[in-house]
$ cat start.txt   # compact mmCIF, C-alpha atoms and all ligand atoms
# COMPACT_ATOMS: atom_id res chain seq x y z
CA ARG E 866 -14.25 -7.66 -12.43
CA SER E 867 -10.78 -6.45 -11.57
CA ALA E 868 -10.39 -3.69 -9.00
CA VAL E 869 -7.44 -2.39 -10.97
CA GLU E 870 -6.28 -3.28 -14.42
CA PHE E 871 -3.09 -2.22 -16.11
CA ARG E 872 -3.23 -2.55 -19.86
CA ASP E 873 0.06 -2.07 -21.66
CA VAL E 874 1.00 0.83 -19.40
CA ARG E 875 4.03 2.82 -20.46
CA PHE E 876 5.72 5.66 -18.70
CA GLY E 877 8.89 7.70 -18.77
CA TYR E 878 10.14 10.43 -16.49
CA GLU E 879 11.07 13.65 -18.15
CA ARG E 880 14.80 14.13 -18.18
CA GLY E 881 16.18 17.15 -16.37
CA ASP E 882 18.33 18.14 -19.34
CA GLY E 883 15.29 18.57 -21.57
CA GLY E 884 16.44 15.60 -23.60
CA GLY E 885 13.13 13.74 -23.63
CA ARG E 886 12.03 10.97 -21.33
CA THR E 887 13.69 8.02 -19.67
CA GLN E 888 11.37 5.07 -20.12
CA VAL E 889 10.65 3.35 -16.83
CA LEU E 890 7.60 1.19 -17.65
CA HIS E 891 7.60 -0.66 -20.96
CA GLY E 892 4.10 -2.00 -21.39
CA VAL E 893 2.90 -3.33 -18.04
CA SER E 894 -0.26 -5.44 -17.98
CA PHE E 895 -1.88 -7.22 -15.07
CA GLY E 896 -5.18 -7.31 -13.23
CA VAL E 897 -5.84 -6.96 -9.52
CA PRO E 898 -8.80 -8.92 -8.14
CA ALA E 899 -11.38 -7.06 -6.08
CA ARG E 900 -10.42 -9.03 -2.97
CA GLY E 901 -7.12 -10.43 -1.89
CA LEU E 902 -3.51 -9.43 -1.78
CA THR E 903 -1.51 -8.62 -4.89
CA ALA E 904 2.17 -8.24 -4.11
CA VAL E 905 4.49 -6.35 -6.41
CA VAL E 906 8.09 -7.45 -6.02
CA GLY E 907 11.27 -6.72 -7.88
CA PRO E 908 14.61 -5.02 -7.55
CA SER E 909 15.02 -1.40 -6.60
CA GLY E 910 14.41 0.80 -9.61
CA ALA E 911 12.08 -1.72 -11.30
CA GLY E 912 9.22 0.80 -11.38
CA LYS E 913 7.08 -0.38 -8.45
CA THR E 914 6.59 3.03 -6.87
CA THR E 915 5.98 4.57 -10.28
CA LEU E 916 3.10 2.12 -10.80
CA PHE E 917 1.52 3.31 -7.56
CA GLN E 918 1.93 6.92 -8.55
CA LEU E 919 0.26 6.27 -11.89
CA ILE E 920 -2.75 4.63 -10.19
CA GLU E 921 -3.15 7.81 -8.18
CA ARG E 922 -2.73 9.91 -11.31
CA PHE E 923 0.21 11.60 -9.72
CA TYR E 924 1.56 11.52 -13.28
CA PRO E 925 -0.38 10.76 -16.48
CA ALA E 926 0.56 7.43 -18.03
CA GLY E 927 2.56 7.77 -21.22
CA GLY E 928 0.60 5.04 -22.97
CA GLY E 929 -1.83 2.24 -22.29
CA THR E 930 -4.75 2.32 -19.89
CA ILE E 931 -5.31 2.00 -16.16
CA LEU E 932 -8.79 1.00 -15.03
CA VAL E 933 -9.95 1.37 -11.44
CA GLY E 934 -13.30 -0.25 -10.70
CA GLY E 935 -13.66 -0.79 -14.42
CA ARG E 936 -13.26 2.89 -15.26
CA ASN E 937 -10.42 4.54 -17.07
CA ILE E 938 -8.73 6.76 -14.49
CA GLU E 939 -8.14 9.43 -17.13
CA THR E 940 -11.87 10.10 -17.26
CA LEU E 941 -12.60 9.61 -13.57
CA PRO E 942 -12.90 12.81 -11.53
CA LEU E 943 -9.93 13.03 -9.14
CA ASP E 944 -12.28 13.10 -6.13
CA SER E 945 -13.82 9.80 -7.19
CA LEU E 946 -10.41 8.30 -7.78
CA ARG E 947 -9.22 9.45 -4.34
CA GLY E 948 -12.35 7.90 -2.84
CA LEU E 949 -11.60 4.56 -4.46
CA VAL E 950 -7.87 4.36 -3.85
CA GLY E 951 -6.37 4.60 -0.38
CA TYR E 952 -2.63 5.09 -0.24
CA VAL E 953 -1.10 4.16 3.09
CA GLN E 954 1.17 7.00 4.02
CA GLN E 955 4.08 5.69 6.06
CA ASP E 956 5.88 7.47 8.84
CA SER E 957 3.59 10.43 8.65
CA ALA E 958 4.70 13.25 10.86
CA ALA E 959 1.06 13.97 11.67
CA MET E 960 0.73 11.36 14.41
CA ARG E 961 -0.64 12.94 17.52
CA GLY E 962 -2.63 11.75 20.48
CA THR E 963 -3.47 8.14 21.21
CA VAL E 964 -4.23 5.56 18.55
CA ARG E 965 -7.92 6.28 19.00
CA GLU E 966 -7.44 10.07 18.89
CA ASN E 967 -5.27 9.67 15.85
CA LEU E 968 -8.05 7.89 14.02
CA THR E 969 -10.81 10.30 15.01
CA TYR E 970 -8.54 13.18 14.05
CA ALA E 971 -7.84 11.66 10.64
CA SER E 972 -11.52 10.82 10.00
CA PRO E 973 -13.71 13.09 12.15
CA ASP E 974 -16.92 11.65 10.70
CA ALA E 975 -16.06 8.02 11.34
CA GLY E 976 -18.50 6.23 13.61
CA GLU E 977 -17.56 4.26 16.70
CA ASP E 978 -18.18 0.95 14.90
CA ASP E 979 -15.94 1.93 12.00
CA ILE E 980 -13.17 2.89 14.36
CA ARG E 981 -13.48 -0.32 16.31
CA GLN E 982 -13.42 -2.34 13.11
CA ALA E 983 -10.38 -0.50 11.76
CA VAL E 984 -8.57 -0.98 15.06
CA GLU E 985 -9.36 -4.69 15.09
CA MET E 986 -8.43 -5.21 11.48
CA ALA E 987 -5.12 -3.45 12.03
CA GLY E 988 -4.44 -5.57 15.11
CA LEU E 989 -4.28 -2.56 17.43
CA SER E 990 -6.99 -3.41 19.96
CA LYS E 991 -4.52 -3.78 22.81
CA VAL E 992 -2.82 -0.47 22.17
CA VAL E 993 -5.80 1.70 21.30
CA ALA E 994 -5.06 4.06 24.19
CA ASN E 995 -1.33 4.25 23.51
CA LEU E 996 0.48 7.25 22.13
CA PRO E 997 2.39 6.58 18.90
CA GLN E 998 5.50 8.32 20.17
CA GLY E 999 5.21 7.13 23.75
CA LEU E 1000 5.08 9.46 26.71
CA ASP E 1001 7.86 11.70 27.83
CA THR E 1002 10.33 9.86 30.00
CA GLU E 1003 9.73 12.44 32.73
CA LEU E 1004 6.23 11.03 33.02
CA GLY E 1005 7.83 7.71 33.82
CA ASP E 1006 5.83 5.70 31.30
CA GLN E 1007 7.95 4.72 28.35
CA GLY E 1008 5.95 1.57 27.94
CA SER E 1009 2.96 3.15 26.28
CA GLY E 1010 4.41 3.98 22.89
CA LEU E 1011 3.95 1.99 19.71
CA SER E 1012 6.48 -0.24 18.00
CA GLY E 1013 7.47 0.49 14.42
CA GLY E 1014 5.17 -2.27 13.24
CA GLN E 1015 2.25 -0.91 15.26
CA ARG E 1016 2.80 2.56 13.83
CA GLN E 1017 2.76 1.11 10.35
CA ARG E 1018 -0.52 -0.62 11.20
CA LEU E 1019 -1.93 2.63 12.56
CA CYS E 1020 -1.28 4.09 9.09
CA ILE E 1021 -3.24 1.15 7.66
CA ALA E 1022 -6.11 1.75 10.12
CA ARG E 1023 -6.29 5.41 9.09
CA THR E 1024 -6.54 4.42 5.45
CA LEU E 1025 -9.19 1.79 6.27
CA LEU E 1026 -11.46 4.51 7.64
CA GLN E 1027 -11.57 6.01 4.15
CA LYS E 1028 -13.15 2.70 3.04
CA PRO E 1029 -11.12 2.41 -0.14
CA ALA E 1030 -11.87 -0.17 -2.81
CA VAL E 1031 -8.14 -0.46 -3.39
CA MET E 1032 -5.43 -0.04 -0.80
CA LEU E 1033 -1.90 0.76 -1.90
CA LEU E 1034 0.76 -0.13 0.57
CA ASP E 1035 4.50 0.28 0.41
CA GLU E 1036 5.96 -2.13 2.92
CA ALA E 1037 8.21 -0.27 5.30
CA THR E 1038 11.82 -0.78 4.42
CA SER E 1039 12.67 -0.58 8.09
CA HIS E 1040 13.35 -3.90 9.74
CA LEU E 1041 10.39 -5.70 11.30
CA ASP E 1042 11.11 -8.44 13.81
CA SER E 1043 9.44 -11.78 13.18
CA ASP E 1044 6.51 -11.09 15.55
CA SER E 1045 5.81 -7.79 13.82
CA GLU E 1046 6.08 -9.40 10.43
CA ARG E 1047 3.56 -12.06 11.42
CA ASP E 1048 1.18 -9.37 12.74
CA PHE E 1049 1.62 -7.46 9.50
CA ARG E 1050 0.83 -10.56 7.43
CA ASP E 1051 -2.29 -11.19 9.52
CA VAL E 1052 -3.40 -7.60 8.92
CA LEU E 1053 -2.85 -7.93 5.18
CA GLN E 1054 -4.97 -11.07 5.18
CA ARG E 1055 -7.80 -9.42 7.10
CA VAL E 1056 -7.77 -6.18 5.13
CA SER E 1057 -7.67 -7.99 1.81
CA ARG E 1058 -10.98 -9.66 2.64
CA HIS E 1059 -12.54 -6.17 2.51
CA CYS E 1060 -10.76 -4.55 -0.39
CA ALA E 1061 -8.10 -5.13 -3.00
CA VAL E 1062 -4.66 -4.68 -1.49
CA ILE E 1063 -1.65 -3.99 -3.65
CA ALA E 1064 1.54 -4.14 -1.64
CA ILE E 1065 5.06 -3.37 -2.70
CA ALA E 1066 6.97 -6.01 -0.82
CA HIS E 1067 10.66 -5.93 -0.09
CA ARG E 1068 10.74 -9.42 1.39
CA ILE E 1069 8.97 -12.35 -0.17
CA SER E 1070 8.34 -13.81 3.29
CA THR E 1071 5.82 -11.04 3.99
CA VAL E 1072 3.62 -11.94 1.04
CA ILE E 1073 4.18 -15.66 0.69
CA ASP E 1074 0.42 -16.30 0.87
CA ALA E 1075 -0.56 -13.51 -1.56
CA GLU E 1076 -3.26 -14.34 -4.12
CA GLN E 1077 -0.95 -12.99 -6.74
CA ILE E 1078 2.68 -11.96 -6.92
CA VAL E 1079 3.71 -9.69 -9.78
CA VAL E 1080 7.42 -9.75 -10.49
CA LEU E 1081 8.49 -6.47 -12.03
CA GLU E 1082 11.96 -6.06 -13.50
CA ASP E 1083 13.22 -3.15 -15.56
CA GLY E 1084 9.68 -1.89 -16.07
CA ARG E 1085 8.35 -5.19 -17.38
CA VAL E 1086 6.25 -7.89 -15.79
CA ARG E 1087 8.48 -10.97 -15.69
CA ALA E 1088 5.99 -13.29 -14.06
CA THR E 1089 2.72 -13.38 -12.18
CA GLY E 1090 1.35 -16.14 -10.01
CA ARG E 1091 1.17 -17.51 -6.54
CA HIS E 1092 4.39 -18.08 -4.68
CA GLN E 1093 4.47 -21.84 -5.31
CA ASP E 1094 3.88 -21.27 -9.05
CA LEU E 1095 6.76 -18.84 -9.26
CA MET E 1096 9.06 -21.15 -7.33
CA THR E 1097 8.61 -24.00 -9.82
CA ARG E 1098 9.66 -21.81 -12.76
CA ASP E 1099 13.25 -21.15 -13.62
P1 LIG R 1 11.02 0.99 -7.43
O1 LIG R 1 9.87 1.51 -6.63
O2 LIG R 1 10.78 -0.36 -8.05
O3 LIG R 1 12.30 1.02 -6.67
P2 LIG R 1 10.73 3.43 -8.93
O4 LIG R 1 9.37 3.40 -9.54
O5 LIG R 1 10.92 4.23 -7.69
O6 LIG R 1 11.21 1.93 -8.70
O7 LIG R 1 11.78 3.93 -10.01
C1 LIG R 1 11.87 3.38 -11.31
C2 LIG R 1 12.93 4.15 -12.08
O8 LIG R 1 12.47 5.49 -12.26
C3 LIG R 1 14.26 4.24 -11.39
O9 LIG R 1 15.26 4.17 -12.37
C4 LIG R 1 14.23 5.62 -10.75
O10 LIG R 1 15.52 6.12 -10.64
C5 LIG R 1 13.41 6.41 -11.73
N1 LIG R 1 12.67 7.50 -11.07
C6 LIG R 1 11.83 7.36 -10.03
N2 LIG R 1 11.28 8.55 -9.70
C7 LIG R 1 11.77 9.46 -10.58
C8 LIG R 1 11.57 10.85 -10.77
N3 LIG R 1 10.75 11.56 -10.00
N4 LIG R 1 12.26 11.45 -11.79
C9 LIG R 1 13.08 10.75 -12.58
N5 LIG R 1 13.30 9.42 -12.47
C10 LIG R 1 12.66 8.78 -11.46
P1 LIG R 2 12.13 4.10 -1.16
O1 LIG R 2 12.36 3.40 -2.49
O2 LIG R 2 13.32 4.80 -0.62
O3 LIG R 2 11.39 3.24 -0.15
P2 LIG R 2 9.93 5.21 -2.49
O4 LIG R 2 10.47 5.31 -3.87
O5 LIG R 2 9.04 4.06 -2.12
O6 LIG R 2 11.13 5.29 -1.47
O7 LIG R 2 9.13 6.53 -2.13
C1 LIG R 2 9.70 7.78 -2.41
C2 LIG R 2 8.77 8.84 -1.85
O8 LIG R 2 7.54 8.82 -2.57
C3 LIG R 2 8.42 8.62 -0.40
O9 LIG R 2 8.49 9.86 0.26
C4 LIG R 2 7.03 8.09 -0.39
O10 LIG R 2 6.29 8.56 0.73
C5 LIG R 2 6.45 8.67 -1.67
N1 LIG R 2 5.50 7.75 -2.25
C6 LIG R 2 5.68 6.43 -2.43
N2 LIG R 2 4.62 5.88 -3.01
C7 LIG R 2 3.74 6.89 -3.22
C8 LIG R 2 2.45 6.97 -3.78
N3 LIG R 2 1.81 5.91 -4.23
N4 LIG R 2 1.86 8.17 -3.83
C9 LIG R 2 2.47 9.27 -3.35
N5 LIG R 2 3.69 9.26 -2.82
C10 LIG R 2 4.31 8.09 -2.73

$ encode --input "start.txt" --output "structure tokens" --more "lines below"
Ligand code: ADP
Ligand code: ADP
Amino acid sequence: RSAVEFRDVRFGYERGDGGGRTQVLHGVSFGVPARGLTAVVGPSGAGKTTLFQLIERFYPAGGGTILVGGRNIETLPLDSLRGLVGYVQQDSAAMRGTVRENLTYASPDAGEDDIRQAVEMAGLSKVVANLPQGLDTELGDQGSGLSGGQRQRLCIARTLLQKPAVMLLDEATSHLDSDSERDFRDVLQRVSRHCAVIAIAHRISTVIDAEQIVVLEDGRVRATGRHQDLMTRD
């Protein structure tokens, strides 16, 4: 069974001038397996973020159906939906304390084992005592902050503690060096063994080994498949 299924999903944003809606999604259909990475790629403005917002019921779809865990999200209580879908909030201002403190603060009821597992899955074991923002220079210890990639992975670890069935991830647009990108790919691989991961990817190199790549253009699915399948099409 698919973790998420889009069936002919349509959506338009209401125009500011009261002149109706601007259609953004024109009948999007695809399924997301319960495990593995599904990457959504496509040019800016294609509707990728809108898809995420519809899964979360941030807006009601304007047509078609979205199923999460086999259930129509329209009839799922919002609490249940929030329990199933974890959205990785990037660059949250709410980072305080060390990596470990950050996680216990975000999920006060999480057990020690859960925290350790989230830290390991996010590839943060070596920096678990570091402060996201680093220490003040007057303390003479600039070395104990987190890199941009590690901060992004801390956001993933926080979401993991919610034990979502589906994780939504918008790849940071900020530049990741090649080491950070490799770490990020490793994390995606590990996390996607535990839940369905849907990632908006800005660079194909990040998701080259995805189970499925969905190419979205102008609110339509142009192609789906693994990277090698897509490469042999024209
Ligand atoms: P992507 O994530 O692929 O860049 P988006 O889903 O953000 O695409 O946007 C799809 C289209 O919808 C774009 O044309 C964008 O300008 C428009 N759009 C996005 N958000 C809004 C909004 N809140 N109100 C009106 N139009 C929007
Ligand atoms: P950009 O295209 O500049 O990367 P996005 O269109 O991805 O920006 O996101 C616009 C804003 O919407 C951001 O502040 C982001 O945090 C928020 N956002 C993106 N995806 C979601 C989502 N699934 N649910 C709620 N907010 C989201």

$ closest_atom_pairs --input "start.txt" --of "chain E" --to "ligand LIG 2 (chain R)" --cutoff "6 Å" --atoms "all atoms listed in the file" --output "Markdown table"
| residue | atom | partner | partner_atom | distance |
| --- | --- | --- | --- | --- |
| E:Thr914 | CA | R:LIG2 | N2 | 5.2 |
| E:Phe917 | CA | R:LIG2 | N3 | 4.2 |
| E:Gln918 | CA | R:LIG2 | N3 | 4.4 |

$ closest_residue --input "start.txt" --among "E:Gly910, E:Gly901, E:Gly892, E:Gly934" --to "ligand LIG 1 (chain R)" --atoms "all atoms listed in the file"
E:Gly910

$ residues_near_ligand --input "start.txt" --ligand "ligand LIG 1 (chain R)" --cutoff "9 Å" --atoms "all atoms listed in the file" --output "PyMOL selection string"
chain E and resi 877-881+886-890+905-918+1035+1065+1081-1084

$ write_last_selection --input "start.txt" --atoms "C-alpha atoms" --output "PDB file, in the coordinates of the input"
ATOM      1  CA  GLY E 877       8.890   7.700 -18.770  1.00  0.00           C
ATOM      2  CA  TYR E 878      10.140  10.430 -16.490  1.00  0.00           C
ATOM      3  CA  GLU E 879      11.070  13.650 -18.150  1.00  0.00           C
ATOM      4  CA  ARG E 880      14.800  14.130 -18.180  1.00  0.00           C
ATOM      5  CA  GLY E 881      16.180  17.150 -16.370  1.00  0.00           C
ATOM      6  CA  ARG E 886      12.030  10.970 -21.330  1.00  0.00           C
ATOM      7  CA  THR E 887      13.690   8.020 -19.670  1.00  0.00           C
ATOM      8  CA  GLN E 888      11.370   5.070 -20.120  1.00  0.00           C
ATOM      9  CA  VAL E 889      10.650   3.350 -16.830  1.00  0.00           C
ATOM     10  CA  LEU E 890       7.600   1.190 -17.650  1.00  0.00           C
ATOM     11  CA  VAL E 905       4.490  -6.350  -6.410  1.00  0.00           C
ATOM     12  CA  VAL E 906       8.090  -7.450  -6.020  1.00  0.00           C
ATOM     13  CA  GLY E 907      11.270  -6.720  -7.880  1.00  0.00           C
ATOM     14  CA  PRO E 908      14.610  -5.020  -7.550  1.00  0.00           C
ATOM     15  CA  SER E 909      15.020  -1.400  -6.600  1.00  0.00           C
ATOM     16  CA  GLY E 910      14.410   0.800  -9.610  1.00  0.00           C
ATOM     17  CA  ALA E 911      12.080  -1.720 -11.300  1.00  0.00           C
ATOM     18  CA  GLY E 912       9.220   0.800 -11.380  1.00  0.00           C
ATOM     19  CA  LYS E 913       7.080  -0.380  -8.450  1.00  0.00           C
ATOM     20  CA  THR E 914       6.590   3.030  -6.870  1.00  0.00           C
ATOM     21  CA  THR E 915       5.980   4.570 -10.280  1.00  0.00           C
ATOM     22  CA  LEU E 916       3.100   2.120 -10.800  1.00  0.00           C
ATOM     23  CA  PHE E 917       1.520   3.310  -7.560  1.00  0.00           C
ATOM     24  CA  GLN E 918       1.930   6.920  -8.550  1.00  0.00           C
ATOM     25  CA  ASP E1035       4.500   0.280   0.410  1.00  0.00           C
ATOM     26  CA  ILE E1065       5.060  -3.370  -2.700  1.00  0.00           C
ATOM     27  CA  LEU E1081       8.490  -6.470 -12.030  1.00  0.00           C
ATOM     28  CA  GLU E1082      11.960  -6.060 -13.500  1.00  0.00           C
ATOM     29  CA  ASP E1083      13.220  -3.150 -15.560  1.00  0.00           C
ATOM     30  CA  GLY E1084       9.680  -1.890 -16.070  1.00  0.00           C
TER      31      GLY E1084
END

$ residues_around --input "start.txt" --residues "stretch 980-997 of chain E" --least-positions-apart "4" --cutoff "9 Å" --atoms "all atoms listed in the file" --output "PyMOL selection string"
chain E and resi 960-969+975-976+1008-1012+1015-1016+1018-1026+1048-1049+1051-1053+1055-1056

$ atom_distance --input "start.txt" --atom1 "atom CA of E:Ala971" --atom2 "atom CA of E:Thr903"
26.3 Å

$ closest_residue --input "start.txt" --among "E:Ala1061, E:Ala1088, E:Ala904, E:Val869" --to "E:Ile920" --atoms "all atoms listed in the file"
E:Val869

$ atom_distance --input "start.txt" --atom1 "atom CA of E:Val1072" --atom2 "atom CA of E:Arg1050"
7.1 Å

$ atom_distance --input "start.txt" --atom1 "atom CA of E:Val874" --atom2 "atom CA of E:Val893"
4.8 Å

$ closest_residue --input "start.txt" --among "E:Gln1017, E:Ser894, E:Gln1027, E:Ser1045" --to "E:Leu932" --atoms "all atoms listed in the file"
E:Ser894

$ closest_residue --input "start.txt" --among "E:Arg936, E:Arg922, E:His1067, E:Arg1087" --to "E:Ala868" --atoms "all atoms listed in the file"
E:Arg936

$ closest_residue --input "start.txt" --among "E:Gly884, E:Gly929, E:Gly896, E:Gly935" --to "E:Thr1089" --atoms "all atoms listed in the file"
E:Gly896

$ residues_around --input "start.txt" --residues "E:Phe895" --least-positions-apart "5" --cutoff "9 Å" --atoms "all atoms listed in the file" --output "PyMOL selection string"
chain E and resi 869-873+1079+1086+1089

$ closest_residue --input "start.txt" --among "E:Val897, E:Ser972, E:Val953, E:Val1062" --to "E:Ile931" --atoms "all atoms listed in the file"
E:Val897

$ residues_around --input "start.txt" --residues "E:Cys1060" --least-positions-apart "2" --cutoff "9 Å" --atoms "all atoms listed in the file" --output "list of chain:residue names"
E:Ala868, E:Ala899, E:Arg900, E:Gly901, E:Leu902, E:Lys1028, E:Pro1029, E:Ala1030, E:Val1031, E:Met1032, E:Val1056, E:Ser1057, E:Arg1058, E:Val1062
